[in-house]
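Participant: Got a structure for you, start-v8.cif, holding mmCIF, C-alpha atoms.
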data_structure
loop_
_atom_site.label_atom_id
_atom_site.label_comp_id
_atom_site.auth_asym_id
_atom_site.auth_seq_id
_atom_site.Cartn_x
_atom_site.Cartn_y
_atom_site.Cartn_z
CA MET A 1 166.77 -55.45 56.19
CA THR A 2 165.83 -57.53 59.20
CA GLN A 3 163.23 -60.25 58.95
CA ALA A 4 160.89 -58.26 61.22
CA GLU A 5 161.11 -55.18 58.97
CA ALA A 6 160.54 -57.28 55.88
CA LEU A 7 157.48 -58.91 57.43
CA GLN A 8 155.78 -55.58 58.17
CA GLU A 9 156.57 -54.39 54.67
CA TYR A 10 155.27 -57.61 53.16
CA LEU A 11 152.00 -57.51 55.10
CA LEU A 12 151.38 -53.91 54.03
CA ARG A 13 151.91 -54.88 50.39
CA LEU A 14 149.31 -57.62 50.66
CA ALA A 15 146.89 -55.36 52.52
CA ASP A 16 147.36 -52.31 50.30
CA SER A 17 147.01 -54.26 47.04
CA ASP A 18 143.74 -55.81 48.26
CA MET A 19 142.48 -52.47 49.54
CA ILE A 20 143.26 -50.42 46.44
CA LEU A 21 141.86 -52.95 43.98
CA GLY A 22 138.76 -53.28 46.17
CA GLN A 23 138.35 -49.50 46.14
CA ARG A 24 138.83 -49.38 42.36
CA LEU A 25 136.14 -51.98 41.82
CA CYS A 26 133.75 -50.06 44.07
CA GLU A 27 133.85 -47.17 41.60
CA LEU A 28 131.75 -49.40 39.34
CA CYS A 29 128.95 -49.66 41.88
CA GLY A 30 125.84 -48.50 40.04
CA LYS A 31 127.73 -48.36 36.75
CA ALA A 32 128.43 -51.99 35.85
CA PRO A 33 127.37 -53.22 32.40
CA ALA A 34 124.80 -55.67 33.83
CA VAL A 35 123.21 -56.29 37.21
CA GLU A 36 124.90 -59.69 37.60
CA GLU A 37 128.25 -58.08 36.88
CA GLU A 38 127.53 -55.36 39.39
CA MET A 39 126.90 -57.94 42.11
CA ALA A 40 129.95 -59.91 41.14
CA LEU A 41 132.25 -56.88 41.10
CA MET A 42 131.00 -55.68 44.48
CA ASN A 43 131.36 -59.15 45.98
CA VAL A 44 134.93 -59.42 44.75
CA ALA A 45 135.60 -55.95 46.18
CA LEU A 46 134.07 -57.01 49.49
CA ASP A 47 136.26 -60.12 49.64
CA LEU A 48 139.34 -58.00 48.93
CA VAL A 49 138.52 -55.37 51.56
CA GLY A 50 137.83 -58.13 54.10
CA GLN A 51 141.17 -59.73 53.32
CA ALA A 52 142.86 -56.33 53.53
CA ARG A 53 141.47 -55.93 57.02
CA ASN A 54 142.92 -59.26 58.10
CA TRP A 55 146.36 -58.28 56.77
CA TYR A 56 146.15 -54.75 58.24
CA GLU A 57 145.22 -56.13 61.65
CA TYR A 58 148.28 -58.34 61.67
CA ALA A 59 150.48 -55.50 60.41
CA ALA A 60 149.08 -53.20 63.11
CA ASP A 61 149.89 -55.76 65.82
CA LEU A 62 153.50 -55.96 64.59
CA ILE A 63 154.00 -52.23 63.99
CA ASP A 64 152.58 -51.68 67.48
CA ASP A 65 152.61 -47.89 67.46
CA GLY A 66 148.97 -47.38 68.40
CA ARG A 67 147.63 -47.44 64.84
CA ASP A 68 144.89 -49.95 64.10
CA ALA A 69 143.75 -51.42 60.78
CA ASP A 70 141.60 -48.36 59.98
CA LYS A 71 144.41 -45.93 60.61
CA LEU A 72 146.77 -47.91 58.40
CA ALA A 73 144.22 -47.85 55.59
CA PHE A 74 142.96 -44.29 55.94
CA ARG A 75 145.82 -42.24 57.38
CA ARG A 76 148.76 -43.14 55.17
CA ASP A 77 149.63 -41.09 52.11
CA ALA A 78 150.46 -42.39 48.64
CA HIS A 79 154.22 -42.65 49.18
CA ASN A 80 153.58 -44.92 52.15
CA TYR A 81 151.25 -47.18 50.20
CA ARG A 82 152.81 -50.45 49.07
CA ASN A 83 150.23 -51.74 46.59
CA LEU A 84 151.12 -53.16 43.20
CA LEU A 85 150.86 -50.55 40.45
CA LEU A 86 148.48 -52.81 38.54
CA THR A 87 145.81 -52.48 41.25
CA GLU A 88 145.60 -48.67 41.00
CA GLN A 89 145.14 -48.52 37.23
CA PRO A 90 141.80 -47.02 36.10
CA ASN A 91 138.81 -49.19 35.20
CA GLU A 92 138.56 -47.89 31.60
CA ASP A 93 136.37 -50.29 29.56
CA TYR A 94 135.29 -53.72 30.76
CA ALA A 95 138.15 -55.44 28.95
CA VAL A 96 140.65 -53.43 30.99
CA THR A 97 138.68 -53.98 34.21
CA MET A 98 138.62 -57.74 33.70
CA GLY A 99 142.13 -57.90 32.27
CA ARG A 100 143.49 -56.13 35.35
CA GLN A 101 141.47 -58.46 37.54
CA PHE A 102 142.76 -61.52 35.69
CA PHE A 103 146.45 -60.58 35.91
CA PHE A 104 145.98 -59.77 39.59
CA ASP A 105 143.92 -62.89 40.34
CA VAL A 106 146.55 -65.22 38.89
CA TRP A 107 149.21 -63.54 41.05
CA HIS A 108 146.89 -63.52 44.06
CA TYR A 109 145.92 -67.16 43.66
CA PHE A 110 149.50 -68.46 43.49
CA THR A 111 150.74 -66.08 46.19
CA LEU A 112 148.00 -67.14 48.60
CA LYS A 113 148.55 -70.78 47.71
CA GLY A 114 152.21 -70.37 48.65
CA LEU A 115 151.29 -68.52 51.84
CA THR A 116 149.05 -71.33 53.07
CA ALA A 117 152.32 -73.19 53.67
CA SER A 118 153.89 -70.19 55.45
CA SER A 119 155.94 -70.84 58.56
CA ASP A 120 154.00 -67.94 60.08
CA GLU A 121 150.77 -69.48 61.35
CA ARG A 122 148.72 -66.30 61.31
CA ILE A 123 149.66 -65.66 57.68
CA ALA A 124 148.88 -69.25 56.75
CA GLY A 125 145.44 -68.93 58.40
CA ILE A 126 144.50 -65.69 56.65
CA ALA A 127 145.79 -67.06 53.34
CA ALA A 128 143.83 -70.32 53.61
CA LYS A 129 140.65 -68.31 54.05
CA ALA A 130 141.48 -65.85 51.27
CA LEU A 131 142.57 -68.56 48.83
CA LYS A 132 139.06 -69.99 48.68
CA GLU A 133 137.76 -66.57 47.69
CA ALA A 134 140.57 -65.82 45.25
CA THR A 135 139.88 -69.12 43.47
CA TYR A 136 136.40 -67.89 42.55
CA HIS A 137 137.77 -64.51 41.50
CA LEU A 138 140.25 -66.17 39.17
CA ARG A 139 137.69 -68.53 37.71
CA ARG A 140 135.43 -65.62 36.89
CA SER A 141 138.05 -63.22 35.50
CA SER A 142 139.66 -65.93 33.34
CA GLU A 143 136.23 -66.75 31.88
CA TRP A 144 135.74 -63.10 30.97
CA VAL A 145 139.15 -62.84 29.33
CA LYS A 146 138.32 -65.91 27.25
CA ARG A 147 134.82 -64.74 26.42
CA LEU A 148 135.96 -61.31 25.28
CA GLY A 149 139.18 -62.49 23.59
CA ASP A 150 137.49 -65.30 21.71
CA GLY A 151 134.35 -63.27 21.06
CA THR A 152 133.49 -60.76 18.36
CA GLU A 153 136.02 -58.84 16.33
CA GLU A 154 135.51 -55.79 18.51
CA SER A 155 135.63 -57.60 21.86
CA HIS A 156 138.79 -59.40 20.71
CA GLN A 157 140.45 -56.12 19.75
CA ARG A 158 139.47 -54.45 23.02
CA MET A 159 140.69 -57.37 25.09
CA GLN A 160 143.98 -57.41 23.19
CA ASP A 161 144.31 -53.64 23.74
CA ALA A 162 143.68 -54.23 27.46
CA VAL A 163 146.45 -56.85 27.60
CA ASP A 164 148.79 -54.45 25.80
CA ILE A 165 147.92 -51.52 28.11
CA LEU A 166 148.26 -53.52 31.32
CA TRP A 167 151.23 -55.69 30.43
CA ARG A 168 153.78 -53.05 31.52
CA PHE A 169 152.47 -53.31 35.10
CA THR A 170 152.68 -57.09 35.36
CA GLY A 171 156.45 -57.36 35.75
CA GLU A 172 156.14 -56.04 39.29
CA LEU A 173 153.96 -59.00 40.25
CA ILE A 174 156.66 -61.55 39.56
CA THR A 175 159.92 -59.65 40.03
CA PRO A 176 161.14 -60.22 43.59
CA ASP A 177 162.98 -57.58 45.61
CA ASP A 178 164.83 -57.81 48.94
CA THR A 179 161.60 -58.00 50.95
CA ASP A 180 160.26 -60.86 48.84
CA ARG A 181 163.57 -62.72 49.08
CA VAL A 182 163.89 -62.28 52.86
CA MET A 183 160.34 -63.57 53.27
CA ALA A 184 160.97 -66.56 51.03
CA GLU A 185 164.22 -67.44 52.78
CA ALA A 186 162.44 -67.33 56.15
CA GLY A 187 159.80 -69.72 54.83
CA ILE A 188 157.16 -67.02 55.33
CA GLY A 189 156.59 -65.96 51.73
CA PRO A 190 156.31 -68.07 48.57
CA ASP A 191 159.30 -68.96 46.41
CA PRO A 192 159.61 -66.08 43.89
CA ASP A 193 160.87 -68.28 41.04
CA GLN A 194 157.99 -70.69 41.43
CA LEU A 195 155.52 -67.80 41.62
CA ALA A 196 156.87 -66.31 38.38
CA LYS A 197 156.73 -69.68 36.66
CA ASP A 198 153.17 -70.39 37.81
CA TRP A 199 151.98 -66.90 36.89
CA ARG A 200 153.46 -67.08 33.39
CA GLY A 201 152.13 -70.59 32.88
CA MET A 202 148.54 -69.79 33.72
CA VAL A 203 148.50 -66.40 32.00
CA ASN A 204 149.84 -67.97 28.79
CA GLU A 205 147.37 -70.83 28.99
CA VAL A 206 144.34 -68.58 29.39
CA LEU A 207 145.50 -65.98 26.85
CA THR A 208 146.12 -68.75 24.31
CA GLN A 209 142.61 -70.09 24.85
CA ALA A 210 141.35 -66.54 24.49
CA THR A 211 143.22 -66.21 21.14
CA LEU A 212 145.18 -63.30 22.64
CA THR A 213 148.87 -62.49 22.42
CA PRO A 214 150.75 -61.85 25.67
CA GLY A 215 153.36 -59.10 25.88
CA ALA A 216 157.05 -59.89 25.61
CA GLU A 217 158.70 -61.46 28.65
CA ASP A 218 161.54 -58.95 28.38
CA ALA A 219 159.25 -55.95 27.85
CA TRP A 220 160.11 -52.83 29.86
CA MET A 221 158.14 -52.87 33.09
CA TYR A 222 156.95 -50.16 35.46
CA MET A 223 157.96 -51.03 39.01
CA GLY A 224 157.94 -49.11 42.25
CA GLY A 225 154.52 -49.66 43.78
CA LYS A 226 156.02 -52.02 46.36
CA HIS A 227 158.35 -49.18 47.41
CA GLY A 228 155.83 -46.34 47.44
CA GLU A 229 156.56 -44.95 43.97
CA HIS A 230 153.17 -44.83 42.34
CA THR A 231 151.47 -43.78 39.13
CA GLU A 232 149.44 -40.57 39.28
CA HIS A 233 146.23 -42.53 39.85
CA LEU A 234 146.80 -43.55 43.46
CA GLY A 235 146.53 -40.05 44.91
CA PHE A 236 143.06 -39.63 43.43
CA ILE A 237 141.91 -42.97 44.83
CA LEU A 238 143.17 -42.06 48.29
CA ALA A 239 141.62 -38.59 48.09
CA GLU A 240 138.20 -40.15 47.74
CA MET A 241 138.76 -43.15 49.97
CA GLN A 242 140.33 -41.24 52.85
CA PHE A 243 138.31 -38.01 52.71
CA LEU A 244 135.96 -38.72 55.58
CA GLN A 245 138.63 -40.11 57.86
CA ARG A 246 140.86 -37.13 57.12
CA ALA A 247 138.10 -34.53 57.51
CA TYR A 248 136.72 -36.07 60.69
CA PRO A 249 139.58 -37.91 62.36
CA ASP A 250 138.48 -40.55 64.87
CA ALA A 251 134.82 -39.99 63.99
CA THR A 252 132.75 -42.62 65.73
CA THR A 253 129.25 -41.53 64.69
CA TRP A 254 128.43 -41.55 60.99
CA MET B 1 116.18 -61.88 47.84
CA PRO B 2 117.03 -62.21 51.54
CA GLN B 3 118.86 -59.21 52.86
CA HIS B 4 119.99 -57.89 56.18
CA GLY B 5 117.06 -57.12 58.36
CA ASP B 6 114.48 -59.37 56.72
CA SER B 7 114.17 -61.45 59.83
CA ASP B 8 114.76 -58.63 62.23
CA SER B 9 113.56 -55.14 61.46
CA ARG B 10 115.24 -53.62 64.53
CA SER B 11 118.21 -51.35 64.07
CA ALA B 12 121.68 -52.16 65.37
CA VAL B 13 121.06 -49.62 68.14
CA ASP B 14 117.93 -51.48 69.30
CA ILE B 15 119.92 -54.69 69.39
CA LEU B 16 122.70 -53.09 71.38
CA ILE B 17 120.22 -51.71 73.91
CA ALA B 18 118.45 -55.05 74.13
CA SER B 19 121.75 -56.84 74.54
CA ASP B 20 122.43 -54.92 77.73
CA ARG B 21 119.42 -56.51 79.38
CA VAL B 22 120.29 -59.41 81.57
CA PRO B 23 117.31 -60.82 83.48
CA ALA B 24 117.76 -60.32 87.23
CA ASN B 25 116.61 -63.82 88.15
CA ALA B 26 118.70 -65.65 85.54
CA ARG B 27 120.84 -68.55 86.78
CA PRO B 28 123.42 -69.20 84.05
CA ASP B 29 125.45 -71.22 86.56
CA LEU B 30 122.81 -73.94 86.23
CA LEU B 31 123.28 -74.18 82.49
CA THR B 32 125.59 -76.60 80.70
CA GLU B 33 127.51 -76.26 77.45
CA ASP B 34 124.76 -78.31 75.79
CA ASP B 35 122.22 -75.73 76.95
CA ILE B 36 124.37 -73.00 75.42
CA TRP B 37 124.52 -74.83 72.09
CA ALA B 38 120.70 -75.01 72.27
CA ILE B 39 120.52 -71.23 72.80
CA LEU B 40 122.80 -70.70 69.78
CA GLU B 41 120.55 -72.97 67.70
CA GLU B 42 117.95 -70.22 68.03
CA VAL B 43 120.23 -67.52 66.60
CA LYS B 44 119.54 -67.24 62.89
CA ASP B 45 121.89 -66.05 60.17
CA PRO B 46 120.67 -62.54 59.34
CA GLU B 47 121.29 -63.07 55.62
CA VAL B 48 119.83 -66.56 55.48
CA PRO B 49 117.28 -66.58 58.31
CA ALA B 50 116.27 -70.15 57.46
CA VAL B 51 119.38 -71.54 59.15
CA SER B 52 120.91 -71.04 62.57
CA VAL B 53 124.51 -70.10 63.18
CA VAL B 54 125.06 -73.64 64.48
CA GLU B 55 123.58 -75.26 61.36
CA LEU B 56 125.75 -72.97 59.26
CA GLY B 57 128.80 -74.35 61.05
CA ILE B 58 130.27 -71.00 62.05
CA VAL B 59 130.21 -71.67 65.81
CA ARG B 60 133.41 -73.62 66.31
CA ALA B 61 133.58 -73.99 70.10
CA VAL B 62 131.70 -73.24 73.29
CA ARG B 63 133.59 -73.11 76.60
CA TRP B 64 131.73 -72.59 79.86
CA ASP B 65 133.34 -73.19 83.24
CA GLY B 66 130.52 -71.76 85.33
CA LYS B 67 132.15 -68.33 85.46
CA GLU B 68 133.45 -67.44 82.02
CA LEU B 69 131.76 -68.17 78.75
CA SER B 70 133.72 -67.97 75.52
CA ILE B 71 132.53 -68.78 72.02
CA ASP B 72 134.73 -69.32 68.96
CA LEU B 73 133.16 -67.95 65.82
CA THR B 74 134.54 -68.17 62.28
CA PRO B 75 133.46 -65.94 59.36
CA THR B 76 132.15 -67.55 56.18
CA TYR B 77 134.05 -65.06 53.98
CA SER B 78 136.85 -62.61 54.86
CA GLY B 79 134.65 -59.64 54.09
CA CYS B 80 131.30 -61.04 55.27
CA PRO B 81 129.43 -57.90 56.39
CA ALA B 82 127.12 -59.97 58.61
CA THR B 83 129.93 -61.08 60.92
CA GLU B 84 129.58 -58.21 63.39
CA LEU B 85 125.80 -58.38 63.41
CA ILE B 86 125.98 -62.12 64.10
CA GLU B 87 128.29 -61.42 67.05
CA GLU B 88 125.74 -58.95 68.39
CA LEU B 89 122.84 -61.35 67.89
CA ILE B 90 124.73 -64.10 69.73
CA THR B 91 125.67 -61.72 72.54
CA GLU B 92 122.04 -60.65 72.84
CA ALA B 93 120.79 -64.24 73.02
CA LEU B 94 123.37 -65.14 75.65
CA ARG B 95 122.66 -62.06 77.79
CA ALA B 96 118.96 -62.87 77.64
CA ALA B 97 119.88 -66.27 79.10
CA GLY B 98 121.78 -64.58 81.92
CA PHE B 99 125.38 -64.56 80.67
CA ARG B 100 126.59 -61.10 81.61
CA ASP B 101 129.84 -60.95 79.69
CA PRO B 102 130.17 -63.61 76.98
CA LYS B 103 133.47 -63.50 75.09
CA ILE B 104 133.27 -64.03 71.36
CA ASN B 105 136.56 -64.84 69.63
CA GLN B 106 136.99 -64.53 65.88
CA VAL B 107 138.97 -67.52 64.63
CA LEU B 108 140.20 -67.86 61.05
CA THR B 109 141.86 -71.25 61.36
CA PRO B 110 140.77 -73.74 60.22
CA ALA B 111 138.96 -71.78 57.52
CA TRP B 112 135.22 -72.25 57.32
CA THR B 113 134.03 -74.67 54.69
CA THR B 114 130.55 -75.42 53.39
CA ASP B 115 131.24 -79.02 54.50
CA TRP B 116 130.42 -77.77 58.01
CA ILE B 117 126.83 -76.89 57.12
CA THR B 118 124.77 -79.63 58.76
CA ALA B 119 122.56 -81.95 56.71
CA GLU B 120 119.55 -80.33 58.36
CA GLY B 121 120.91 -76.89 57.50
CA LYS B 122 121.31 -77.89 53.84
CA GLU B 123 117.72 -79.12 53.72
CA LYS B 124 116.50 -75.86 55.25
CA LEU B 125 118.46 -73.88 52.66
CA ARG B 126 116.74 -75.83 49.89
CA GLU B 127 113.30 -75.24 51.43
CA PHE B 128 114.16 -71.54 51.68
CA GLY B 129 114.87 -71.46 47.90
CA ILE B 130 118.67 -71.55 48.02
CA ALA B 131 120.38 -74.53 46.40
CA PRO B 132 122.74 -75.97 49.06
CA PRO B 133 126.44 -76.56 48.27
CA GLU B 134 126.87 -79.57 46.03
CA GLY B 135 129.39 -82.22 47.08
CA SER B 136 132.53 -81.69 49.12
CA SER B 137 134.69 -78.57 49.08
CA SER B 138 137.74 -80.64 48.13
CA LYS B 139 136.20 -81.24 44.71
CA MET B 140 136.13 -77.61 43.69
CA SER B 141 137.91 -77.17 40.40
CA LEU B 142 139.78 -74.01 39.54
CA LEU B 143 139.14 -73.58 35.87
CA GLY B 144 136.90 -76.53 35.15
CA GLU B 145 133.26 -76.71 34.22
CA PRO B 146 130.72 -75.49 36.77
CA GLU B 147 129.06 -78.18 38.85
CA VAL B 148 125.60 -79.51 38.06
CA ILE B 149 123.23 -77.75 40.47
CA ALA B 150 119.66 -78.87 41.04
CA CYS B 151 116.93 -76.22 41.10
CA PRO B 152 115.72 -75.80 44.70
CA ARG B 153 112.15 -75.25 43.50
CA CYS B 154 111.46 -77.95 40.92
CA GLY B 155 114.49 -80.21 41.37
CA SER B 156 115.52 -80.09 37.71
CA LYS B 157 119.22 -80.41 36.98
CA ASP B 158 118.83 -78.49 33.75
CA THR B 159 120.20 -75.24 35.18
CA GLU B 160 122.75 -72.64 34.12
CA ARG B 161 125.06 -70.34 35.99
CA VAL B 162 124.27 -66.67 35.42
CA SER B 163 126.99 -65.22 37.62
CA GLU B 164 129.76 -66.53 39.84
CA PHE B 165 128.40 -64.21 42.54
CA GLY B 166 124.83 -63.77 43.75
CA SER B 167 123.14 -61.58 46.32
CA THR B 168 125.98 -62.18 48.79
CA ALA B 169 129.59 -63.33 48.47
CA CYS B 170 128.67 -66.84 49.62
CA LYS B 171 126.21 -67.40 46.78
CA ALA B 172 126.25 -67.69 43.00
CA LEU B 173 123.34 -66.84 40.73
CA TYR B 174 121.71 -69.61 38.70
CA ARG B 175 118.67 -70.01 36.49
CA CYS B 176 116.53 -73.09 36.06
CA LYS B 177 115.89 -73.84 32.40
CA GLU B 178 112.97 -76.12 33.36
CA CYS B 179 110.81 -73.86 35.58
CA LEU B 180 112.61 -70.71 34.38
CA GLU B 181 113.06 -69.38 37.93
CA PRO B 182 116.32 -67.73 38.96
CA PHE B 183 117.83 -68.97 42.21
CA ASP B 184 120.78 -68.53 44.53
CA TYR B 185 123.31 -71.34 44.92
CA PHE B 186 125.28 -71.52 48.15
CA LYS B 187 128.78 -71.93 46.76
CA CYS B 188 130.95 -74.82 47.77
CA ILE B 189 134.13 -73.55 49.42
#
Show how you would write the structure in this file as structure tokens.

Facilitator:
Amino acid sequence: MTQAEALQEYLLRLADSDMILGQRLCELCGKAPAVEEEMALMNVALDLVGQARNWYEYAADLIDDGRDADKLAFRRDAHNYRNLLLTEQPNEDYAVTMGRQFFFDVWHYFTLKGLTASSDERIAGIAAKALKEATYHLRRSSEWVKRLGDGTEESHQRMQDAVDILWRFTGELITPDDTDRVMAEAGIGPDPDQLAKDWRGMVNEVLTQATLTPGAEDAWMYMGGKHGEHTEHLGFILAEMQFLQRAYPDATTW
Amino acid sequence: MPQHGDSDSRSAVDILIASDRVPANARPDLLTEDDIWAILEEVKDPEVPAVSVVELGIVRAVRWDGKELSIDLTPTYSGCPATELIEELITEALRAAGFRDPKINQVLTPAWTTDWITAEGKEKLREFGIAPPEGSSSKMSLLGEPEVIACPRCGSKDTERVSEFGSTACKALYRCKECLEPFDYFKCI
């Protein structure tokens, strides 16, 4: 894999993960447990979609085959999507929604932090902007994990169930593949070992405070999202998200 | 709660049509970069119409050589939905002043920070009912306690955070325990 190929791949992973999680959160519009939560969820989704656009625009410039950010988001099928499996998992109850957000936010925060020092200036610029937003996301989701985990008997049980359900998708966040390694060696992406260490450190810290038990470090993990092998959920997300663009390609009037 | 369109009930189409109008007798060649900054001072943020885009600190540069005008604009948040409307409002204001083809460049670096909101802008936010960002962005803690925010209405510091996010991504929702009013806090980033 050349560095140029790895870079395109890496940018699509960042973009797709932001986009799919943003889309997932939008499903809760009008259905959140409280009005403040509704606003918060939609604002987080908005941040993620905005960041996705920045990554897609850069990817589109590099791919340079006439596709723009919209076409990359709305005209690729599931096997071409490179998002982390965690981001496509269903919302379920609020413990799962916030647990998924928390595991993602910790990864996102440390990834973006690493990318602010990227040797690629455009990546460093997008990351510096996104990091400020991700910091708020992490602060909020970690507070929810603590509140639910260290709450009532039922909220504790549900939050622990959420950790147990989602844990199998977290290995992908911190297990590097060739693309991640090529990016790190080029000084473009963050150091995978450091990322794994930081992710584990913060997740353990917050889960401990939340009186929750993390999964085993050597637990069997689902991987494949970064290579286009997805769970059954992604196709349904894309079916809804891409419907209009597929039905009316290049529509300019809504 | 201020929303898009509070300050300007026209549709995006009206704005686009208006932005095509360049007065026939306009002499932009007589204007200086200072004059252009003064024009931009009149362009209000559509979500927070109390402050101008200059007071908000999102206009990063103005370059005018007598022939070409280019403006550097930075978004407050990656997904700020007002960004495109702000570009249109700026274009409209500049066309009205005679600039036929102003170029507006989106710049992400350096990333916008609330430190760039002018002192006057912060005061206007407070008068508008939005608590301005407290302190410097470098102080923001990741998992620490929330900052002490004064109520923009009664000034009490006995307030509590209701949600990390308010009516827009740039704001958090607070409540004053003294006067019992809810209020938006312009987050420090």

Participant: Would you mind telling me which residue in A:Leu131, A:Thr211, A:Ala162, A:Ile237 lies nearest to Leu21 in chain A when using all atoms listed in the file?

Facilitator: A:Ile237

Participant: Within 9 Å of His230 in chain A, counting only C-alpha atoms, which residues show up once you throw out same-chain ones fewer than 3 positions away? Write them as JSON, numbers by chain, please.

Facilitator: {"A": [78, 79, 81, 82, 83, 84, 85, 88, 223, 224, 225, 226, 227, 233, 234, 235]}

Participant: Can you spell out as a compact mmCIF listing (two decimals) with C-alpha atoms, in the coordinates of the input the set of residues that the PyMOL selection byres ((chain A and resi 184-188) around 10) selects in the structure I just provided?

Facilitator:
# COMPACT_ATOMS: atom_id res chain seq x y z
CA GLN A 3 163.23 -60.25 58.95
CA LEU A 7 157.48 -58.91 57.43
CA TYR A 10 155.27 -57.61 53.16
CA GLY A 114 152.21 -70.37 48.65
CA LEU A 115 151.29 -68.52 51.84
CA THR A 116 149.05 -71.33 53.07
CA ALA A 117 152.32 -73.19 53.67
CA SER A 118 153.89 -70.19 55.45
CA SER A 119 155.94 -70.84 58.56
CA ASP A 120 154.00 -67.94 60.08
CA GLU A 121 150.77 -69.48 61.35
CA ILE A 123 149.66 -65.66 57.68
CA ALA A 124 148.88 -69.25 56.75
CA PRO A 176 161.14 -60.22 43.59
CA ASP A 178 164.83 -57.81 48.94
CA THR A 179 161.60 -58.00 50.95
CA ASP A 180 160.26 -60.86 48.84
CA ARG A 181 163.57 -62.72 49.08
CA VAL A 182 163.89 -62.28 52.86
CA MET A 183 160.34 -63.57 53.27
CA GLY A 189 156.59 -65.96 51.73
CA PRO A 190 156.31 -68.07 48.57
CA ASP A 191 159.30 -68.96 46.41
CA PRO A 192 159.61 -66.08 43.89

Participant: Could you write out as a ChimeraX atom specification the residues that the PyMOL selection byres ((chain A) within 6 of (chain B)) matches in the shown file?

Facilitator: /A:36,40,43,46-47,50-51,125,129,139

Participant: Would you kindly translate the PyMOL selection byres ((chain A and resi 214) around 8) into the concrete residues it picks from this file, as a PyMOL selection string?

Facilitator: chain A and resi 163-164+167+204+207+212-213+215-216

Participant: Taking all listed atoms of range 126-139 of chain B, build the axis-aligned box, pad each of the six sides by 3 Å, then write its centre and edge lengths in Å to one decimal as lines of an AutoDock Vina configuration file.

Facilitator:
center_x = 125.5
center_y = -76.8
center_z = 48.2
size_x = 30.4
size_y = 16.8
size_z = 13.0

Participant: If I take CA of Glu88 in chain B and CA of Ile71 in chain B, how far is one from the other in Å, to one decimal?

Facilitator: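 Separation of CA of Glu88 in chain B and CA of Ile71 in chain B: 12.5 Å.
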